file my_file.pdb (PDB, C-alpha atoms, pLDDT in the B column)
ATOM      1  CA  ILE U   1     128.792  80.033 106.918  1.00 47.00           C
ATOM      2  CA  ASN U   2     128.727  79.346 103.199  1.00 50.00           C
ATOM      3  CA  ASP U   3     126.275  76.463 102.829  1.00 53.00           C
ATOM      4  CA  GLY U   4     124.550  77.993  99.823  1.00 57.00           C
ATOM      5  CA  LYS U   5     121.384  78.661 101.818  1.00 65.00           C
ATOM      6  CA  LEU U   6     122.353  82.116 103.004  1.00 73.00           C
ATOM      7  CA  ASP U   7     120.615  84.946 101.183  1.00 88.00           C
ATOM      8  CA  HIS U   8     122.632  87.698  99.570  1.00 89.00           C
ATOM      9  CA  LYS U   9     122.273  91.278 100.671  1.00 91.00           C
ATOM     10  CA  ILE U  10     124.980  93.194  98.874  1.00 91.00           C
ATOM     11  CA  LYS U  11     125.562  96.747  99.992  1.00 93.00           C
ATOM     12  CA  SER U  12     128.456  99.142 100.076  1.00 94.00           C
ATOM     13  CA  TYR U  13     129.998 101.766 102.303  1.00 93.00           C
ATOM     14  CA  GLU U  14     132.667 104.387 101.788  1.00 95.00           C
ATOM     15  CA  VAL U  15     135.582 104.615 104.188  1.00 95.00           C
ATOM     16  CA  LYS U  16     138.527 106.958 104.497  1.00 96.00           C
ATOM     17  CA  ILE U  17     141.754 105.476 105.852  1.00 96.00           C
ATOM     18  CA  ASN U  18     144.717 107.794 106.217  1.00 95.00           C
ATOM     19  CA  ASN U  19     144.343 109.818 102.989  1.00 92.00           C
ATOM     20  CA  LEU U  20     142.666 107.171 100.871  1.00 96.00           C
ATOM     21  CA  THR U  21     138.969 106.707 100.289  1.00 97.00           C
ATOM     22  CA  LEU U  22     137.720 103.224  99.448  1.00 97.00           C
ATOM     23  CA  ASN U  23     134.272 102.049  98.444  1.00 96.00           C
ATOM     24  CA  MET U  24     133.693  98.566  99.824  1.00 96.00           C
ATOM     25  CA  TYR U  25     130.965  96.128  98.816  1.00 95.00           C
ATOM     26  CA  THR U  26     129.891  93.608 101.444  1.00 94.00           C
ATOM     27  CA  ASP U  27     127.371  90.789 101.719  1.00 91.00           C
ATOM     28  CA  LEU U  28     125.693  88.643 104.337  1.00 88.00           C
ATOM     29  CA  GLY U  29     127.994  86.021 105.824  1.00 88.00           C
ATOM     30  CA  VAL U  30     131.153  88.139 105.743  1.00 87.00           C
ATOM     31  CA  PHE U  31     133.009  89.647 108.702  1.00 88.00           C
ATOM     32  CA  SER U  32     132.136  93.260 109.621  1.00 91.00           C
ATOM     33  CA  LYS U  33     129.683  93.765 106.766  1.00 85.00           C
ATOM     34  CA  ASP U  34     128.292  97.153 107.848  1.00 87.00           C
ATOM     35  CA  TYR U  35     131.453  99.175 108.390  1.00 88.00           C
ATOM     36  CA  LEU U  36     135.217  98.889 108.554  1.00 94.00           C
ATOM     37  CA  ASP U  37     136.191  96.872 111.627  1.00 94.00           C
ATOM     38  CA  TYR U  38     137.976  99.153 114.101  1.00 96.00           C
ATOM     39  CA  GLY U  39     140.873  96.723 114.486  1.00 96.00           C
ATOM     40  CA  THR U  40     141.415  96.764 110.725  1.00 97.00           C
ATOM     41  CA  ARG U  41     141.507 100.568 110.811  1.00 97.00           C
ATOM     42  CA  VAL U  42     144.100 100.591 113.620  1.00 98.00           C
ATOM     43  CA  LEU U  43     146.198  98.049 111.701  1.00 98.00           C
ATOM     44  CA  LEU U  44     146.116 100.097 108.485  1.00 98.00           C
ATOM     45  CA  GLU U  45     146.895 103.324 110.323  1.00 97.00           C
ATOM     46  CA  THR U  46     149.921 101.646 111.942  1.00 98.00           C
ATOM     47  CA  VAL U  47     151.518  99.722 109.068  1.00 97.00           C
ATOM     48  CA  GLU U  48     154.238 101.420 107.056  1.00 95.00           C
ATOM     49  CA  LEU U  49     155.904  99.562 104.231  1.00 98.00           C
ATOM     50  CA  ASN U  50     159.291 100.335 102.712  1.00 97.00           C
ATOM     51  CA  ASP U  51     160.665 100.026  99.182  1.00 97.00           C
ATOM     52  CA  LYS U  52     162.353  96.683  99.852  1.00 97.00           C
ATOM     53  CA  GLN U  53     159.062  95.072 100.815  1.00 98.00           C
ATOM     54  CA  LYS U  54     157.624  93.938  97.482  1.00 98.00           C
ATOM     55  CA  THR U  55     155.285  91.056  98.247  1.00 98.00           C
ATOM     56  CA  VAL U  56     152.424  91.339 100.705  1.00 98.00           C
ATOM     57  CA  ILE U  57     149.900  88.726 101.856  1.00 98.00           C
ATOM     58  CA  ASP U  58     146.584  89.636 103.472  1.00 98.00           C
ATOM     59  CA  MET U  59     145.609  86.386 105.201  1.00 98.00           C
ATOM     60  CA  GLY U  60     141.929  86.009 106.043  1.00 97.00           C
ATOM     61  CA  CYS U  61     141.138  88.968 103.815  1.00 97.00           C
ATOM     62  CA  GLY U  62     137.355  88.915 104.118  1.00 95.00           C
ATOM     63  CA  TYR U  63     135.917  91.312 101.536  1.00 97.00           C
ATOM     64  CA  GLY U  64     139.362  92.842 101.156  1.00 97.00           C
ATOM     65  CA  PRO U  65     139.785  96.115 103.077  1.00 97.00           C
ATOM     66  CA  ILE U  66     143.370  95.393 104.181  1.00 98.00           C
ATOM     67  CA  GLY U  67     144.760  94.052 100.913  1.00 98.00           C
ATOM     68  CA  ILE U  68     142.889  96.515  98.717  1.00 98.00           C
ATOM     69  CA  TYR U  69     143.973  99.450 100.841  1.00 98.00           C
ATOM     70  CA  ILE U  70     147.615  98.274 100.689  1.00 98.00           C
ATOM     71  CA  GLY U  71     147.327  97.702  96.932  1.00 98.00           C
ATOM     72  CA  LYS U  72     145.995 101.213  96.394  1.00 98.00           C
ATOM     73  CA  ALA U  73     148.390 102.909  98.834  1.00 98.00           C
ATOM     74  CA  TYR U  74     151.427 101.041  97.444  1.00 98.00           C
ATOM     75  CA  PRO U  75     150.947 100.508  93.697  1.00 97.00           C
ATOM     76  CA  ASP U  76     154.475  99.070  93.365  1.00 97.00           C
ATOM     77  CA  LYS U  77     153.709  96.104  95.669  1.00 98.00           C
ATOM     78  CA  HIS U  78     152.284  92.700  94.738  1.00 98.00           C
ATOM     79  CA  VAL U  79     149.446  92.032  97.153  1.00 98.00           C
ATOM     80  CA  TYR U  80     147.898  88.586  97.600  1.00 98.00           C
ATOM     81  CA  LEU U  81     144.579  88.222  99.415  1.00 98.00           C
ATOM     82  CA  PHE U  82     143.329  84.875 100.725  1.00 98.00           C
ATOM     83  CA  ASP U  83     140.227  83.779 102.579  1.00 97.00           C
ATOM     84  CA  VAL U  84     138.490  80.436 103.167  1.00 96.00           C
ATOM     85  CA  ASN U  85     135.070  82.078 102.647  1.00 94.00           C
ATOM     86  CA  GLU U  86     134.187  82.043  98.925  1.00 95.00           C
ATOM     87  CA  ARG U  87     131.538  84.714  99.381  1.00 94.00           C
ATOM     88  CA  ALA U  88     134.089  87.019 100.998  1.00 95.00           C
ATOM     89  CA  VAL U  89     136.531  86.355  98.145  1.00 97.00           C
ATOM     90  CA  ASP U  90     133.797  87.218  95.599  1.00 96.00           C
ATOM     91  CA  MET U  91     133.276  90.542  97.387  1.00 96.00           C
ATOM     92  CA  ALA U  92     137.031  91.186  97.504  1.00 98.00           C
ATOM     93  CA  LEU U  93     137.215  90.627  93.733  1.00 98.00           C
ATOM     94  CA  LYS U  94     134.356  93.090  93.266  1.00 97.00           C
ATOM     95  CA  ASN U  95     136.100  95.600  95.549  1.00 98.00           C
ATOM     96  CA  GLN U  96     139.347  95.247  93.612  1.00 98.00           C
ATOM     97  CA  VAL U  97     137.503  96.354  90.466  1.00 98.00           C
ATOM     98  CA  GLU U  98     135.435  99.004  92.261  1.00 97.00           C
ATOM     99  CA  ASN U  99     138.565 100.661  93.669  1.00 98.00           C
ATOM    100  CA  ALA U 100     140.594 100.281  90.444  1.00 97.00           C
ATOM    101  CA  VAL U 101     143.360  98.299  92.125  1.00 98.00           C
ATOM    102  CA  GLU U 102     145.422  96.261  89.668  1.00 97.00           C
ATOM    103  CA  ASN U 103     148.287  94.884  91.769  1.00 98.00           C
ATOM    104  CA  THR U 104     146.210  92.453  93.823  1.00 98.00           C
ATOM    105  CA  ASN U 105     145.674  88.729  93.405  1.00 98.00           C
ATOM    106  CA  ILE U 106     142.685  87.311  95.283  1.00 98.00           C
ATOM    107  CA  SER U 107     141.838  83.664  95.846  1.00 98.00           C
ATOM    108  CA  VAL U 108     140.282  81.090  98.147  1.00 98.00           C
ATOM    109  CA  SER U 109     142.585  79.329 100.590  1.00 98.00           C
ATOM    110  CA  ASN U 110     142.134  77.705 103.970  1.00 96.00           C
ATOM    111  CA  LEU U 111     144.894  79.565 105.797  1.00 96.00           C
ATOM    112  CA  PHE U 112     148.076  78.997 103.756  1.00 98.00           C
ATOM    113  CA  ASP U 113     146.983  75.716 102.093  1.00 97.00           C
ATOM    114  CA  GLN U 114     146.792  77.221  98.577  1.00 96.00           C
ATOM    115  CA  VAL U 115     149.541  79.806  99.038  1.00 97.00           C
ATOM    116  CA  ASN U 116     152.614  79.334  96.894  1.00 95.00           C
ATOM    117  CA  VAL U 117     154.277  82.724  97.272  1.00 96.00           C
ATOM    118  CA  LYS U 118     156.781  83.847  99.859  1.00 98.00           C
ATOM    119  CA  ALA U 119     156.054  87.271 101.284  1.00 98.00           C
ATOM    120  CA  ASP U 120     158.029  90.184 102.675  1.00 98.00           C
ATOM    121  CA  VAL U 121     155.000  91.270 104.701  1.00 98.00           C
ATOM    122  CA  ILE U 122     152.005  89.343 106.011  1.00 98.00           C
ATOM    123  CA  LEU U 123     149.059  91.246 107.449  1.00 98.00           C
ATOM    124  CA  THR U 124     146.199  89.598 109.297  1.00 98.00           C
ATOM    125  CA  ASN U 125     143.129  90.346 111.323  1.00 96.00           C
ATOM    126  CA  PRO U 126     142.982  86.691 112.380  1.00 95.00           C
ATOM    127  CA  PRO U 127     139.787  84.617 112.472  1.00 90.00           C
ATOM    128  CA  ILE U 128     139.351  84.609 116.261  1.00 90.00           C
ATOM    129  CA  ARG U 129     136.024  82.784 116.039  1.00 88.00           C
ATOM    130  CA  ALA U 130     137.764  79.853 114.352  1.00 90.00           C
ATOM    131  CA  GLY U 131     139.532  79.195 117.661  1.00 92.00           C
ATOM    132  CA  LYS U 132     143.012  79.469 119.088  1.00 94.00           C
ATOM    133  CA  GLN U 133     144.349  76.377 117.280  1.00 96.00           C
ATOM    134  CA  THR U 134     143.475  77.899 113.911  1.00 96.00           C
ATOM    135  CA  VAL U 135     144.927  81.291 114.820  1.00 97.00           C
ATOM    136  CA  PHE U 136     148.152  79.714 116.124  1.00 97.00           C
ATOM    137  CA  LYS U 137     148.428  77.607 112.952  1.00 98.00           C
ATOM    138  CA  LEU U 138     148.062  80.831 110.954  1.00 98.00           C
ATOM    139  CA  TYR U 139     151.043  82.289 112.879  1.00 98.00           C
ATOM    140  CA  GLU U 140     153.162  79.173 112.301  1.00 98.00           C
ATOM    141  CA  ASP U 141     152.301  79.048 108.591  1.00 98.00           C
ATOM    142  CA  ALA U 142     152.944  82.785 108.279  1.00 98.00           C
ATOM    143  CA  TYR U 143     156.481  82.239 109.559  1.00 98.00           C
ATOM    144  CA  SER U 144     157.057  79.529 106.922  1.00 98.00           C
ATOM    145  CA  ASN U 145     155.672  81.780 104.167  1.00 98.00           C
ATOM    146  CA  LEU U 146     157.828  84.798 104.991  1.00 98.00           C
ATOM    147  CA  ASN U 147     161.126  85.551 103.317  1.00 98.00           C
ATOM    148  CA  ASP U 148     164.078  85.997 105.673  1.00 97.00           C
ATOM    149  CA  GLY U 149     163.695  89.427 107.216  1.00 98.00           C
ATOM    150  CA  GLY U 150     159.979  89.347 106.410  1.00 98.00           C
ATOM    151  CA  VAL U 151     157.503  90.760 108.900  1.00 98.00           C
ATOM    152  CA  LEU U 152     154.109  89.822 110.274  1.00 98.00           C
ATOM    153  CA  TYR U 153     151.534  92.342 111.489  1.00 98.00           C
ATOM    154  CA  VAL U 154     148.578  91.078 113.515  1.00 98.00           C
ATOM    155  CA  VAL U 155     145.661  93.005 114.989  1.00 98.00           C
ATOM    156  CA  ILE U 156     143.956  91.358 117.944  1.00 97.00           C
ATOM    157  CA  GLN U 157     141.855  92.500 120.857  1.00 96.00           C
ATOM    158  CA  LYS U 158     143.410  92.177 124.281  1.00 96.00           C
ATOM    159  CA  LYS U 159     140.295  90.390 125.557  1.00 95.00           C
ATOM    160  CA  GLN U 160     140.432  87.949 122.613  1.00 94.00           C
ATOM    161  CA  GLY U 161     143.842  86.682 123.582  1.00 92.00           C
ATOM    162  CA  ALA U 162     146.427  89.278 122.571  1.00 96.00           C
ATOM    163  CA  PRO U 163     148.783  88.305 125.438  1.00 96.00           C
ATOM    164  CA  SER U 164     148.756  84.604 124.458  1.00 96.00           C
ATOM    165  CA  SER U 165     149.300  85.603 120.815  1.00 97.00           C
ATOM    166  CA  VAL U 166     152.322  87.653 121.866  1.00 98.00           C
ATOM    167  CA  SER U 167     153.849  84.704 123.698  1.00 97.00           C
ATOM    168  CA  HIS U 168     153.068  82.238 120.896  1.00 98.00           C
ATOM    169  CA  LEU U 169     154.519  84.564 118.245  1.00 98.00           C
ATOM    170  CA  SER U 170     157.598  85.104 120.428  1.00 98.00           C
ATOM    171  CA  SER U 171     158.111  81.340 120.579  1.00 98.00           C
ATOM    172  CA  ILE U 172     157.978  81.131 116.751  1.00 98.00           C
ATOM    173  CA  PHE U 173     159.796  84.330 115.752  1.00 98.00           C
ATOM    174  CA  GLY U 174     162.029  84.733 118.807  1.00 98.00           C
ATOM    175  CA  GLU U 175     160.460  88.110 119.530  1.00 97.00           C
ATOM    176  CA  CYS U 176     157.122  89.863 119.158  1.00 98.00           C
ATOM    177  CA  GLU U 177     156.540  93.549 119.802  1.00 98.00           C
ATOM    178  CA  VAL U 178     153.293  95.315 120.588  1.00 98.00           C
ATOM    179  CA  ILE U 179     153.697  98.410 118.400  1.00 98.00           C
ATOM    180  CA  GLU U 180     150.294 100.029 118.991  1.00 98.00           C
ATOM    181  CA  LYS U 181     147.412  99.819 121.464  1.00 98.00           C
ATOM    182  CA  LYS U 182     144.076 101.531 120.828  1.00 97.00           C
ATOM    183  CA  LYS U 183     140.727 100.894 122.519  1.00 97.00           C
ATOM    184  CA  GLY U 184     141.671  97.356 123.495  1.00 97.00           C
ATOM    185  CA  TYR U 185     143.157  96.485 120.082  1.00 97.00           C
ATOM    186  CA  TRP U 186     146.828  95.549 119.960  1.00 98.00           C
ATOM    187  CA  ILE U 187     149.004  95.614 116.850  1.00 98.00           C
ATOM    188  CA  LEU U 188     151.620  92.883 117.054  1.00 98.00           C
ATOM    189  CA  PHE U 189     154.790  92.905 114.986  1.00 98.00           C
ATOM    190  CA  ALA U 190     157.249  90.053 114.462  1.00 98.00           C
ATOM    191  CA  ARG U 191     160.222  89.712 112.117  1.00 98.00           C
ATOM    192  CA  LYS U 192     161.624  86.477 110.700  1.00 98.00           C
TER     193      LYS U 192
END

call {"tool": "encode", "arguments": {"input": "my_file.pdb", "output": "structure tokens"}}
result
Amino acid sequence: INDGKLDHKIKSYEVKINNLTLNMYTDLGVFSKDYLDYGTRVLLETVELNDKQKTVIDMGCGYGPIGIYIGKAYPDKHVYLFDVNERAVDMALKNQVENAVENTNISVSNLFDQVNVKADVILTNPPIRAGKQTVFKLYEDAYSNLNDGGVLYVVIQKKQGAPSSVSHLSSIFGECEVIEKKKGYWILFARK
């Protein structure tokens, strides 16, 4: 996507999730640039974090709706956002400032390659278009980057392979629950 030839067309939209309103800047070449992806909304409406969960990773953050929402909703957490797409990361940095979120750390990483923190919670709307191998590697790396007792939340469409994700996550974590289903989107939950 990011070969330097793609034009920029920066725009923004406002979105209300639960009781929070965010203003999100987007650009060409980023996922779901015109509105909040429905799967992301279902994920954010489902996730509830507790006081013991201090460190959160948003893997494949795009322009940042998941991590920035979590950062704003839970100011006591440390939230790390990673994406392989530099343009998306630039937008996430802009959105961090725009939404006055100060407990986020945003950087470029191909999956967990540049990640050197262990998390209590990992959230992901995985990069389905990158293929099953990439998504499954994300799950395996997520397990390695979780603290004991840490949890992984995944949103995935049934038709994009939710059942195979459930079985792969079960093989890694020992168990994977489907904690929500809405309009073909499944929220998967696994604990290390």

call {"tool": "closest_residue", "arguments": {"input": "my_file.pdb", "among": "U:Val101, U:Ile68, U:Ile57, U:Val108", "to": "U:Asp120", "atoms": "only C-alpha atoms"}}
result
U:Ile57

call {"tool": "resolve_selection", "arguments": {"input": "my_file.pdb", "expression": "the PyMOL selection byres ((chain U and resi 110) around 12)", "output": "PyMOL selection string"}}
result
chain U and resi 59-61+81-86+89+107-109+111-115+127+130+134-135+137-138+141

call {"tool": "closest_residue", "arguments": {"input": "my_file.pdb", "among": "U:His78, U:Arg191, U:Lys94, U:Arg87", "to": "U:His8", "atoms": "only C-alpha atoms"}}
result
U:Arg87

call {"tool": "resolve_selection", "arguments": {"input": "my_file.pdb", "expression": "the PyMOL selection byres ((chain U and resi 28-37) around 7)", "output": "NGL selection string"}}
result
:U and (1 or 8-9 or 13 or 26-27 or 38-41 or 62 or 88)

call {"tool": "write_last_selection", "arguments": {"input": "my_file.pdb", "atoms": "C-alpha atoms", "output": "PDB file, in the frame of the given file"}}
result
ATOM      1  CA  ILE U   1     128.792  80.033 106.918  1.00 47.00           C
ATOM      2  CA  HIS U   8     122.632  87.698  99.570  1.00 89.00           C
ATOM      3  CA  LYS U   9     122.273  91.278 100.671  1.00 91.00           C
ATOM      4  CA  TYR U  13     129.998 101.766 102.303  1.00 93.00           C
ATOM      5  CA  THR U  26     129.891  93.608 101.444  1.00 94.00           C
ATOM      6  CA  ASP U  27     127.371  90.789 101.719  1.00 91.00           C
ATOM      7  CA  TYR U  38     137.976  99.153 114.101  1.00 96.00           C
ATOM      8  CA  GLY U  39     140.873  96.723 114.486  1.00 96.00           C
ATOM      9  CA  THR U  40     141.415  96.764 110.725  1.00 97.00           C
ATOM     10  CA  ARG U  41     141.507 100.568 110.811  1.00 97.00           C
ATOM     11  CA  GLY U  62     137.355  88.915 104.118  1.00 95.00           C
ATOM     12  CA  ALA U  88     134.089  87.019 100.998  1.00 95.00           C
TER      13      ALA U  88
END

call {"tool": "atom_distance", "arguments": {"input": "my_file.pdb", "atom1": "atom CA of U:Glu175", "atom2": "atom CA of U:Lys192"}}
result
9.1 Å

call {"tool": "decode", "arguments": {"input": "my_file.pdb", "residues": "stretch 161-184 of chain U", "atoms": "N, CA and C atoms", "output": "PDB file, in the first residue's frame"}}
result
ATOM      1  N   GLY U 161     -13.488 -16.414   8.374  1.00  0.00           N
ATOM      2  CA  GLY U 161     -12.717 -17.460   9.045  1.00  0.00           C
ATOM      3  C   GLY U 161     -12.770 -17.469  10.552  1.00  0.00           C
ATOM      4  N   ALA U 162     -13.855 -16.931  11.136  1.00  0.00           N
ATOM      5  CA  ALA U 162     -13.962 -16.963  12.601  1.00  0.00           C
ATOM      6  C   ALA U 162     -13.852 -18.384  13.159  1.00  0.00           C
ATOM      7  N   PRO U 163     -14.545 -19.384  12.572  1.00  0.00           N
ATOM      8  CA  PRO U 163     -14.436 -20.731  13.150  1.00  0.00           C
ATOM      9  C   PRO U 163     -13.001 -21.267  13.150  1.00  0.00           C
ATOM     10  N   SER U 164     -12.234 -21.031  12.083  1.00  0.00           N
ATOM     11  CA  SER U 164     -10.850 -21.532  12.075  1.00  0.00           C
ATOM     12  C   SER U 164      -9.983 -20.740  13.054  1.00  0.00           C
ATOM     13  N   SER U 165     -10.308 -19.458  13.257  1.00  0.00           N
ATOM     14  CA  SER U 165      -9.593 -18.679  14.277  1.00  0.00           C
ATOM     15  C   SER U 165      -9.867 -19.229  15.667  1.00  0.00           C
ATOM     16  N   VAL U 166     -11.118 -19.601  15.918  1.00  0.00           N
ATOM     17  CA  VAL U 166     -11.469 -20.175  17.223  1.00  0.00           C
ATOM     18  C   VAL U 166     -10.655 -21.445  17.469  1.00  0.00           C
ATOM     19  N   SER U 167     -10.580 -22.313  16.458  1.00  0.00           N
ATOM     20  CA  SER U 167      -9.852 -23.565  16.700  1.00  0.00           C
ATOM     21  C   SER U 167      -8.349 -23.326  16.813  1.00  0.00           C
ATOM     22  N   HIS U 168      -7.813 -22.379  16.028  1.00  0.00           N
ATOM     23  CA  HIS U 168      -6.376 -22.100  16.141  1.00  0.00           C
ATOM     24  C   HIS U 168      -6.049 -21.471  17.500  1.00  0.00           C
ATOM     25  N   LEU U 169      -6.871 -20.531  17.931  1.00  0.00           N
ATOM     26  CA  LEU U 169      -6.641 -19.904  19.248  1.00  0.00           C
ATOM     27  C   LEU U 169      -6.776 -20.934  20.368  1.00  0.00           C
ATOM     28  N   SER U 170      -7.729 -21.851  20.232  1.00  0.00           N
ATOM     29  CA  SER U 170      -7.890 -22.904  21.241  1.00  0.00           C
ATOM     30  C   SER U 170      -6.641 -23.767  21.324  1.00  0.00           C
ATOM     31  N   SER U 171      -6.014 -24.019  20.169  1.00  0.00           N
ATOM     32  CA  SER U 171      -4.806 -24.855  20.177  1.00  0.00           C
ATOM     33  C   SER U 171      -3.643 -24.123  20.847  1.00  0.00           C
ATOM     34  N   ILE U 172      -3.630 -22.794  20.784  1.00  0.00           N
ATOM     35  CA  ILE U 172      -2.540 -22.018  21.413  1.00  0.00           C
ATOM     36  C   ILE U 172      -2.823 -21.775  22.897  1.00  0.00           C
ATOM     37  N   PHE U 173      -4.035 -21.317  23.186  1.00  0.00           N
ATOM     38  CA  PHE U 173      -4.388 -20.879  24.547  1.00  0.00           C
ATOM     39  C   PHE U 173      -5.030 -21.995  25.384  1.00  0.00           C
ATOM     40  N   GLY U 174      -5.430 -23.085  24.723  1.00  0.00           N
ATOM     41  CA  GLY U 174      -6.115 -24.149  25.448  1.00  0.00           C
ATOM     42  C   GLY U 174      -7.624 -23.979  25.412  1.00  0.00           C
ATOM     43  N   GLU U 175      -8.066 -22.745  25.199  1.00  0.00           N
ATOM     44  CA  GLU U 175      -9.500 -22.463  25.147  1.00  0.00           C
ATOM     45  C   GLU U 175      -9.715 -21.115  24.467  1.00  0.00           C
ATOM     46  N   CYS U 176     -10.800 -20.999  23.738  1.00  0.00           N
ATOM     47  CA  CYS U 176     -11.172 -19.722  23.136  1.00  0.00           C
ATOM     48  C   CYS U 176     -12.680 -19.625  23.156  1.00  0.00           C
ATOM     49  N   GLU U 177     -13.189 -18.551  23.739  1.00  0.00           N
ATOM     50  CA  GLU U 177     -14.640 -18.361  23.816  1.00  0.00           C
ATOM     51  C   GLU U 177     -15.091 -17.345  22.783  1.00  0.00           C
ATOM     52  N   VAL U 178     -16.296 -17.542  22.274  1.00  0.00           N
ATOM     53  CA  VAL U 178     -16.951 -16.525  21.455  1.00  0.00           C
ATOM     54  C   VAL U 178     -17.865 -15.769  22.415  1.00  0.00           C
ATOM     55  N   ILE U 179     -17.498 -14.519  22.749  1.00  0.00           N
ATOM     56  CA  ILE U 179     -18.241 -13.809  23.799  1.00  0.00           C
ATOM     57  C   ILE U 179     -19.306 -12.862  23.243  1.00  0.00           C
ATOM     58  N   GLU U 180     -19.316 -12.656  21.933  1.00  0.00           N
ATOM     59  CA  GLU U 180     -20.343 -11.809  21.323  1.00  0.00           C
ATOM     60  C   GLU U 180     -20.456 -12.169  19.853  1.00  0.00           C
ATOM     61  N   LYS U 181     -21.680 -12.073  19.331  1.00  0.00           N
ATOM     62  CA  LYS U 181     -21.909 -12.246  17.885  1.00  0.00           C
ATOM     63  C   LYS U 181     -22.901 -11.179  17.467  1.00  0.00           C
ATOM     64  N   LYS U 182     -22.504 -10.368  16.476  1.00  0.00           N
ATOM     65  CA  LYS U 182     -23.401  -9.325  15.959  1.00  0.00           C
ATOM     66  C   LYS U 182     -23.199  -9.169  14.470  1.00  0.00           C
ATOM     67  N   LYS U 183     -24.275  -9.330  13.711  1.00  0.00           N
ATOM     68  CA  LYS U 183     -24.244  -9.115  12.254  1.00  0.00           C
ATOM     69  C   LYS U 183     -23.071  -9.822  11.576  1.00  0.00           C
ATOM     70  N   GLY U 184     -22.813 -11.053  11.977  1.00  0.00           N
ATOM     71  CA  GLY U 184     -21.745 -11.810  11.332  1.00  0.00           C
ATOM     72  C   GLY U 184     -20.358 -11.575  11.915  1.00  0.00           C
TER      73      GLY U 184
END
